[in-house]
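What follows is the content of target_35.cif, which has mmCIF, C-alpha atoms:
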```cif
data_query
loop_
_atom_site.label_atom_id
_atom_site.label_comp_id
_atom_site.auth_asym_id
_atom_site.auth_seq_id
_atom_site.Cartn_x
_atom_site.Cartn_y
_atom_site.Cartn_z
CA MET A 550 97.66 111.77 100.12
CA HIS A 551 98.82 111.89 96.53
CA ARG A 552 101.95 113.74 95.41
CA LYS A 553 102.75 113.78 91.69
CA VAL A 554 105.56 115.63 89.98
CA ALA A 555 107.04 115.93 86.51
CA CYS A 556 109.84 118.15 85.18
CA LEU A 557 110.55 119.62 81.74
CA VAL A 558 113.28 121.74 80.18
CA PHE A 559 112.92 123.95 77.12
CA VAL A 560 116.21 125.20 75.64
CA ALA A 561 116.29 127.16 72.35
CA CYS A 562 112.86 125.77 71.47
CA ALA A 563 113.87 122.14 72.21
CA ALA A 564 112.08 120.20 74.94
CA LEU A 565 113.77 117.58 77.08
CA ALA A 566 112.08 115.59 79.81
CA GLN A 567 113.13 112.78 82.11
CA THR A 568 110.87 111.75 84.95
CA THR A 569 108.89 109.02 86.62
CA GLN A 570 106.11 109.29 89.16
CA ALA A 571 108.49 108.18 91.91
CA GLN A 572 111.75 109.82 90.91
CA VAL A 573 112.59 113.10 89.17
CA THR A 574 115.70 113.48 87.04
CA GLN A 575 117.10 116.93 87.69
CA ARG A 576 118.73 119.06 85.02
CA GLU A 577 120.59 122.31 85.60
CA PRO A 578 120.14 125.16 83.09
CA VAL A 579 122.85 125.09 80.42
CA ALA A 580 124.66 128.13 79.13
CA ALA A 581 122.96 129.55 76.09
CA SER A 582 125.01 129.66 72.90
CA LYS A 583 123.22 132.80 71.74
CA SER A 584 122.20 136.01 73.43
CA ARG A 585 119.50 138.56 72.74
CA THR A 586 120.69 141.39 70.50
CA ALA A 587 119.87 144.78 71.96
CA VAL A 588 119.24 147.90 69.90
CA PRO A 589 121.01 150.93 71.46
CA GLY A 590 118.49 153.13 73.24
CA VAL A 591 115.64 150.66 72.71
CA GLU A 592 114.74 147.96 75.22
CA ALA A 593 113.89 144.66 73.55
CA SER A 594 110.24 143.81 73.78
CA ARG A 595 109.42 141.21 76.35
CA PRO A 596 106.32 139.06 76.85
CA ASP A 597 103.73 139.80 79.50
CA THR A 598 104.40 136.86 81.83
CA ALA A 599 101.14 137.27 83.78
CA GLU A 600 99.12 137.21 80.56
CA ALA A 601 101.11 134.23 79.27
CA ALA A 602 100.29 132.36 82.50
CA ARG A 603 96.58 133.13 82.07
CA ARG A 604 96.74 131.84 78.49
CA ILE A 605 98.29 128.58 79.65
CA VAL A 606 95.40 128.06 82.08
CA THR A 607 92.92 128.69 79.25
CA LEU A 608 94.76 126.37 76.87
CA THR A 609 94.99 123.65 79.50
CA ASN A 610 91.29 123.81 80.34
CA ALA A 611 90.44 123.65 76.62
CA PHE A 612 92.67 120.57 76.40
CA ARG A 613 90.88 119.01 79.38
CA SER A 614 87.55 119.74 77.71
CA ASP A 615 88.74 117.93 74.58
CA GLU A 616 89.53 114.97 76.83
CA LYS A 617 85.99 115.09 78.32
CA LEU A 618 87.26 116.37 81.65
CA ALA A 619 85.97 119.21 83.82
CA PRO A 620 87.95 122.46 83.78
CA THR A 621 90.11 123.45 86.72
CA GLY A 622 89.33 126.57 88.71
CA PRO A 623 91.59 129.10 90.46
CA ALA A 624 93.09 128.66 93.91
CA PRO A 625 94.81 131.65 95.57
CA GLN A 626 97.10 129.42 97.63
CA LEU A 627 98.31 127.55 94.55
CA ALA A 628 98.82 130.86 92.76
CA SER A 629 101.04 132.12 95.61
CA THR A 630 102.98 128.85 95.61
CA ALA A 631 103.56 128.93 91.85
CA ARG A 632 104.61 132.59 91.93
CA TYR A 633 107.08 132.01 94.75
CA PHE A 634 108.71 129.01 93.07
CA ALA A 635 108.92 130.57 89.60
CA ASP A 636 110.56 133.65 91.15
CA PHE A 637 112.94 131.44 93.15
CA MET A 638 114.14 129.51 90.08
CA ALA A 639 114.50 132.70 88.04
CA ARG A 640 116.50 134.36 90.81
CA THR A 641 118.79 131.42 91.61
CA GLY A 642 119.02 129.55 88.29
CA LYS A 643 118.25 126.31 90.17
CA PHE A 644 115.86 124.04 88.29
CA SER A 645 114.24 121.01 89.90
CA HIS A 646 111.08 120.21 91.84
CA SER A 647 113.14 120.42 95.05
CA ALA A 648 115.27 123.41 94.03
CA ASP A 649 114.42 125.28 97.24
CA GLY A 650 114.91 122.22 99.45
CA THR A 651 111.21 121.29 99.63
CA GLU A 652 108.79 119.25 97.52
CA PRO A 653 105.73 120.64 95.62
CA ALA A 654 103.16 119.43 98.15
CA ALA A 655 105.15 120.86 101.09
CA ARG A 656 105.43 124.23 99.33
CA ALA A 657 101.70 124.31 98.65
CA LYS A 658 100.94 123.50 102.28
CA ARG A 659 103.31 126.25 103.44
CA PHE A 660 101.18 128.71 101.46
CA GLY A 661 98.02 127.43 103.13
CA TYR A 662 96.83 124.82 100.63
CA GLU A 663 95.33 121.89 102.55
CA TYR A 664 95.52 119.29 99.83
CA CYS A 665 94.29 115.89 98.84
CA THR A 666 96.37 115.94 95.67
CA VAL A 667 99.12 118.23 94.37
CA ALA A 668 100.76 117.87 90.94
CA GLU A 669 103.44 120.11 89.47
CA ASN A 670 104.92 120.78 86.02
CA ILE A 671 107.95 123.03 85.65
CA GLY A 672 109.89 124.25 82.63
CA TYR A 673 111.95 127.05 81.21
CA VAL A 674 112.16 128.73 77.82
CA PHE A 675 115.02 130.67 76.24
CA SER A 676 114.90 132.51 72.96
CA ALA A 677 117.81 134.27 71.27
CA GLY A 678 115.37 136.57 69.50
CA ALA A 679 112.25 138.39 70.53
CA ILE A 680 109.46 136.25 71.95
CA ASP A 681 105.93 137.52 72.38
CA THR A 682 103.34 136.66 75.00
CA ALA A 683 101.35 134.23 72.87
CA ASP A 684 104.48 132.38 71.73
CA LEU A 685 105.78 132.00 75.28
CA ALA A 686 102.44 130.55 76.42
CA ARG A 687 102.26 128.25 73.40
CA ARG A 688 105.79 126.87 73.84
CA LEU A 689 105.25 126.03 77.49
CA PHE A 690 101.78 124.57 76.98
CA GLU A 691 102.73 122.45 73.96
CA GLY A 692 105.94 121.28 75.61
CA TRP A 693 104.02 119.98 78.61
CA GLN A 694 101.19 118.65 76.47
CA ASN A 695 103.60 116.63 74.31
CA SER A 696 105.44 115.10 77.27
CA PRO A 697 103.69 111.97 78.65
CA GLU A 698 104.37 112.68 82.34
CA HIS A 699 103.35 116.33 82.11
CA ARG A 700 100.33 115.46 80.02
CA LYS A 701 99.28 113.03 82.75
CA ASN A 702 99.18 115.89 85.25
CA MET A 703 97.26 118.12 82.83
CA VAL A 704 94.52 115.52 82.26
CA ASN A 705 94.39 114.12 85.79
CA PRO A 706 90.63 113.62 86.33
CA ASP A 707 90.96 114.05 90.09
CA VAL A 708 92.38 117.60 90.17
CA THR A 709 89.95 120.52 90.36
CA GLU A 710 92.16 123.61 90.79
CA THR A 711 95.19 125.09 89.05
CA ALA A 712 97.63 127.98 88.94
CA VAL A 713 100.45 129.01 86.61
CA ALA A 714 103.28 131.50 87.17
CA ILE A 715 106.16 132.58 84.93
CA ALA A 716 109.24 134.58 85.97
CA ARG A 717 112.12 135.95 83.88
CA SER A 718 115.74 135.70 84.97
CA ALA A 719 117.42 139.08 84.56
CA THR A 720 120.83 137.42 84.23
CA THR A 721 120.13 134.61 81.74
CA ASP A 722 116.91 135.76 80.03
CA TYR A 723 115.35 132.37 80.78
CA TYR A 724 111.62 132.28 81.50
CA TYR A 725 110.88 129.84 84.32
CA ALA A 726 107.35 128.45 84.54
CA VAL A 727 105.44 126.55 87.22
CA GLN A 728 102.10 124.85 86.61
CA LEU A 729 100.33 123.48 89.68
CA PHE A 730 97.24 121.30 89.93
CA GLY A 731 95.43 120.36 93.10
CA ARG A 732 92.41 118.95 94.81
CA PRO A 733 91.78 120.50 98.24
CA MET A 734 91.02 118.46 101.33
CA SER A 735 87.57 120.07 101.39
CA GLN A 736 86.76 118.15 98.20
CA MET A 737 87.68 114.74 99.60
CA ILE A 738 85.29 112.03 98.38
CA GLU A 739 83.40 110.33 101.22
CA PHE A 740 81.12 107.32 100.82
CA GLU A 741 79.81 104.35 102.78
CA VAL A 742 79.64 100.60 102.29
CA ALA A 743 76.87 98.89 104.28
CA ASN A 744 76.72 95.14 104.89
CA ARG A 745 73.08 94.12 105.25
CA THR A 746 73.71 90.41 104.94
CA GLY A 747 73.87 87.91 107.77
CA VAL A 748 77.58 87.19 107.38
CA GLY A 749 80.86 89.08 107.21
CA ILE A 750 82.01 90.04 103.74
CA GLU A 751 85.11 91.23 101.91
CA TYR A 752 85.33 93.85 99.17
CA GLU A 753 88.12 95.54 97.26
CA LEU A 754 88.73 99.28 97.14
CA ASP A 755 91.37 100.46 94.67
CA GLY A 756 93.26 97.18 94.96
CA ARG A 757 93.08 96.91 98.75
CA THR A 758 90.87 94.35 100.53
CA TYR A 759 88.52 95.38 103.36
CA GLN A 760 86.50 93.19 105.70
CA LEU A 761 83.07 94.28 106.91
CA PRO A 762 81.23 92.39 109.68
CA THR A 763 77.55 91.65 109.33
CA ARG A 764 75.07 94.51 109.86
CA THR A 765 77.79 97.18 109.94
CA THR A 766 78.65 100.18 107.78
CA GLY A 767 82.13 101.31 106.78
CA THR A 768 83.01 104.90 105.77
CA HIS A 769 85.78 105.75 103.32
CA GLN A 770 87.43 109.09 102.57
CA VAL A 771 89.58 109.22 99.43
CA CYS A 772 91.18 111.85 97.20
CA SER A 773 90.57 110.22 93.83
CA ARG A 774 87.53 108.63 92.18
CA PRO A 775 87.29 105.22 93.91
CA THR A 776 86.58 101.82 92.38
CA ILE A 777 84.78 99.20 94.49
CA LYS A 778 84.80 95.51 93.49
CA PHE A 779 82.61 92.84 95.06
CA ARG A 780 82.09 89.35 93.63
CA GLY A 781 82.70 90.36 90.05
CA LYS A 782 80.73 93.62 90.16
CA THR A 783 82.46 97.00 89.95
CA LEU A 784 81.06 100.38 91.01
CA GLN A 785 82.53 103.88 91.23
CA PRO A 786 80.77 105.69 94.10
CA VAL A 787 80.46 109.47 94.17
CA ASN A 788 80.71 111.78 97.14
CA GLY A 789 77.96 111.17 99.72
CA GLN A 790 76.80 107.89 98.18
CA GLN A 791 76.07 104.68 100.05
CA LEU A 792 76.76 101.25 98.58
CA VAL A 793 74.80 98.35 100.06
CA ILE A 794 75.58 94.65 100.02
CA VAL A 795 72.39 92.57 100.28
CA ASN A 796 71.25 88.99 99.94
CA ASP A 797 68.54 88.33 97.38
CA GLN A 798 67.41 85.46 95.17
CA ASN A 799 70.55 85.84 93.08
CA GLY A 800 72.90 85.73 96.05
CA MET A 801 74.94 88.57 97.49
CA GLN A 802 74.69 91.77 95.47
CA LEU A 803 76.43 95.14 95.57
CA GLN A 804 73.97 97.96 94.98
CA ALA A 805 74.23 101.75 94.83
CA GLN A 806 71.64 103.68 96.85
#
```
Let me see the file written as structure tokens.
Amino acid sequence: MHRKVACLVFVACAALAQTTQAQVTQREPVAASKSRTAVPGVEASRPDTAEAARRIVTLTNAFRSDEKLAPTGPAPQLASTARYFADFMARTGKFSHSADGTEPAARAKRFGYEYCTVAENIGYVFSAGAIDTADLARRLFEGWQNSPEHRKNMVNPDVTETAVAIARSATTDYYYAVQLFGRPMSQMIEFEVANRTGVGIEYELDGRTYQLPTRTTGTHQVCSRPTIKFRGKTLQPVNGQQLVIVNDQNGMQLQAQ
């Protein structure tokens, strides 16, 4: 299973990020030095958070297209997970990937998402003045896009589904955002390696060595696009494919069927 996280903070239009794939640096929301000015009798205009979330999905898929990657589709379970966690951070003011005591993958599973891969970006935005829907979406998207760890999640070639949710804190006027990416277990990549030689062989799969006795077939199930190496040759099998190791006039060869 793969679990990837990255965190990001937006404060008064400034973006701060500290993270690694193995460890997340947590930051608590700071007190804002400015507050929204209200006009008596007139409620300040606020962005449509649901529409802003939809715009982020559109912007992210356009970004993936620019990077020659397939777009991500919707997943109801990821949407429920993102909505819950955005609401939680907005309600409590806690900001970290484990703010509710669980990790992103565990939250997604609690909402019924049987995953191969789960990746999460989080952030918040505060503005002392009015902020519209398009600007809120743009700030969050560009903040994540310009942060290496968040960008890595956005252009992960192995994720196929996404969801975004944004929630406003009534006490601080911060807008908390959650962007989730996933690949469900139903889209696990399965392939075979068949040894049709007269001897046992070894091959490498994503840096790990496997042994395969003569005249046997091994089956692999992985969550990311695999790389097979055998005697200097490299192949990337797709789902349902069989790779065959044979002996011919040039010696042992790895072939795709």
- Item | Non-local contacts of Arg732 of chain A (9 Å; only C-alpha atoms; under 6 positions in same chain excluded) as number ranges by chain | A: 663-667, 707-711, 772-773
Preceding selection exported with C-alpha atoms as a CSV table (one decimal), in the coordinates of the input:
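See result30.csv below for the written result:
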```csv
chain,number,residue,atom,x,y,z
A,663,GLU,CA,95.3,121.9,102.6
A,664,TYR,CA,95.5,119.3,99.8
A,665,CYS,CA,94.3,115.9,98.8
A,666,THR,CA,96.4,115.9,95.7
A,667,VAL,CA,99.1,118.2,94.4
A,707,ASP,CA,91.0,114.0,90.1
A,708,VAL,CA,92.4,117.6,90.2
A,709,THR,CA,90.0,120.5,90.4
A,710,GLU,CA,92.2,123.6,90.8
A,711,THR,CA,95.2,125.1,89.0
A,772,CYS,CA,91.2,111.8,97.2
A,773,SER,CA,90.6,110.2,93.8
```
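The space separating atom CA of Pro653 of chain A from atom CA of Arg688 of chain A comes to 22.7 Å.
Picked out by the PyMOL selection byres ((chain A and resi 623) around 9) when it runs on this file: Thr621, Gly622, Ala624, Pro625, Leu627, Ala628, Thr709, Glu710, Thr711 and Ala712 of chain A.
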- Task: Would you mind listing what lies within 12 Å of Leu618 of chain A as a ChimeraX atom specification, with all atoms listed in the file counted and same-chain residues fewer than 2 positions away left out?
- Result: /A:609-616,620-621,703-709
- Message: Which residues would end up in the selection if the PyMOL selection byres ((chain A and resi 715-730) around 9) were applied here, given that I need the answer as a ChimeraX atom specification?
- Response: /A:560,578,580-581,584-585,598-599,601-602,605-606,621,627-628,630-632,634-642,644,653,666-677,685,689,702-703,705,708-714,731-732
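Take atom CA of Gly650 of chain A and atom CA of Ser629 of chain A: the distance between them is 17.5 Å.
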- Query: Ala743 of chain A: which residues within 8 Å, counting only C-alpha atoms, same-chain residues fewer than 6 positions away excluded, as number ranges by chain?
  - Reply: A: 764-767, 791-794
- For Thr783 of chain A, which of A:Gln804, A:Thr746, A:Ser735, A:Gln694 is the closest residue, counting all atoms listed in the file?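 Going through A:Gln804, A:Thr746, A:Ser735, A:Gln694 one by one, the smallest distance to Thr783 of chain A is for A:Gln804.
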- Ground truth for the PyMOL selection byres ((chain A and resi 796) around 12), written as a PyMOL selection string: chain A and resi 744-748+750+763-764+793-795+797-804
Once you have the residues from the selection above, write them out as a PDB file, keeping the file's coordinate frame, restricted to C-alpha atoms.
```pdb
ATOM      1  CA  ASN A 744      76.720  95.140 104.890  1.00  0.00           C
ATOM      2  CA  ARG A 745      73.080  94.120 105.250  1.00  0.00           C
ATOM      3  CA  THR A 746      73.710  90.410 104.940  1.00  0.00           C
ATOM      4  CA  GLY A 747      73.870  87.910 107.770  1.00  0.00           C
ATOM      5  CA  VAL A 748      77.580  87.190 107.380  1.00  0.00           C
ATOM      6  CA  ILE A 750      82.010  90.040 103.740  1.00  0.00           C
ATOM      7  CA  THR A 763      77.550  91.650 109.330  1.00  0.00           C
ATOM      8  CA  ARG A 764      75.070  94.510 109.860  1.00  0.00           C
ATOM      9  CA  VAL A 793      74.800  98.350 100.060  1.00  0.00           C
ATOM     10  CA  ILE A 794      75.580  94.650 100.020  1.00  0.00           C
ATOM     11  CA  VAL A 795      72.390  92.570 100.280  1.00  0.00           C
ATOM     12  CA  ASP A 797      68.540  88.330  97.380  1.00  0.00           C
ATOM     13  CA  GLN A 798      67.410  85.460  95.170  1.00  0.00           C
ATOM     14  CA  ASN A 799      70.550  85.840  93.080  1.00  0.00           C
ATOM     15  CA  GLY A 800      72.900  85.730  96.050  1.00  0.00           C
ATOM     16  CA  MET A 801      74.940  88.570  97.490  1.00  0.00           C
ATOM     17  CA  GLN A 802      74.690  91.770  95.470  1.00  0.00           C
ATOM     18  CA  LEU A 803      76.430  95.140  95.570  1.00  0.00           C
ATOM     19  CA  GLN A 804      73.970  97.960  94.980  1.00  0.00           C
TER      20      GLN A 804
END
```
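Interatomic distance, atom CA of Leu608 of chain A to atom CA of Ala683 of chain A: 11.0 Å.
Distance annotation: of A:Glu691, A:Glu652, A:Glu753, A:Glu600, the residue with the minimal separation from Gln785 of chain A is A:Glu753; atom set is only C-alpha atoms.
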- Please provide as a ChimeraX atom specification all residues within 7 Å of Ile738 of chain A, with the sequence filter that same-chain residues fewer than 2 positions apart are discarded (counting only C-alpha atoms). /A:736,740,770-772,787-788
- Determine, counting all atoms listed in the file, which protein, DNA and RNA residues have an atom within 6 Å of an atom of Thr776 of chain A; residues of the same chain fewer than 3 positions away are not included. Present the result as an MDAnalysis selection string. chainID A and resid 754:755 784:785
Save the residues we just selected, C-alpha atoms, as a PDB file, keeping the file's coordinate frame?
```
ATOM      1  CA  LEU A 754      88.730  99.280  97.140  1.00  0.00           C
ATOM      2  CA  ASP A 755      91.370 100.460  94.670  1.00  0.00           C
ATOM      3  CA  LEU A 784      81.060 100.380  91.010  1.00  0.00           C
ATOM      4  CA  GLN A 785      82.530 103.880  91.230  1.00  0.00           C
TER       5      GLN A 785
END
```
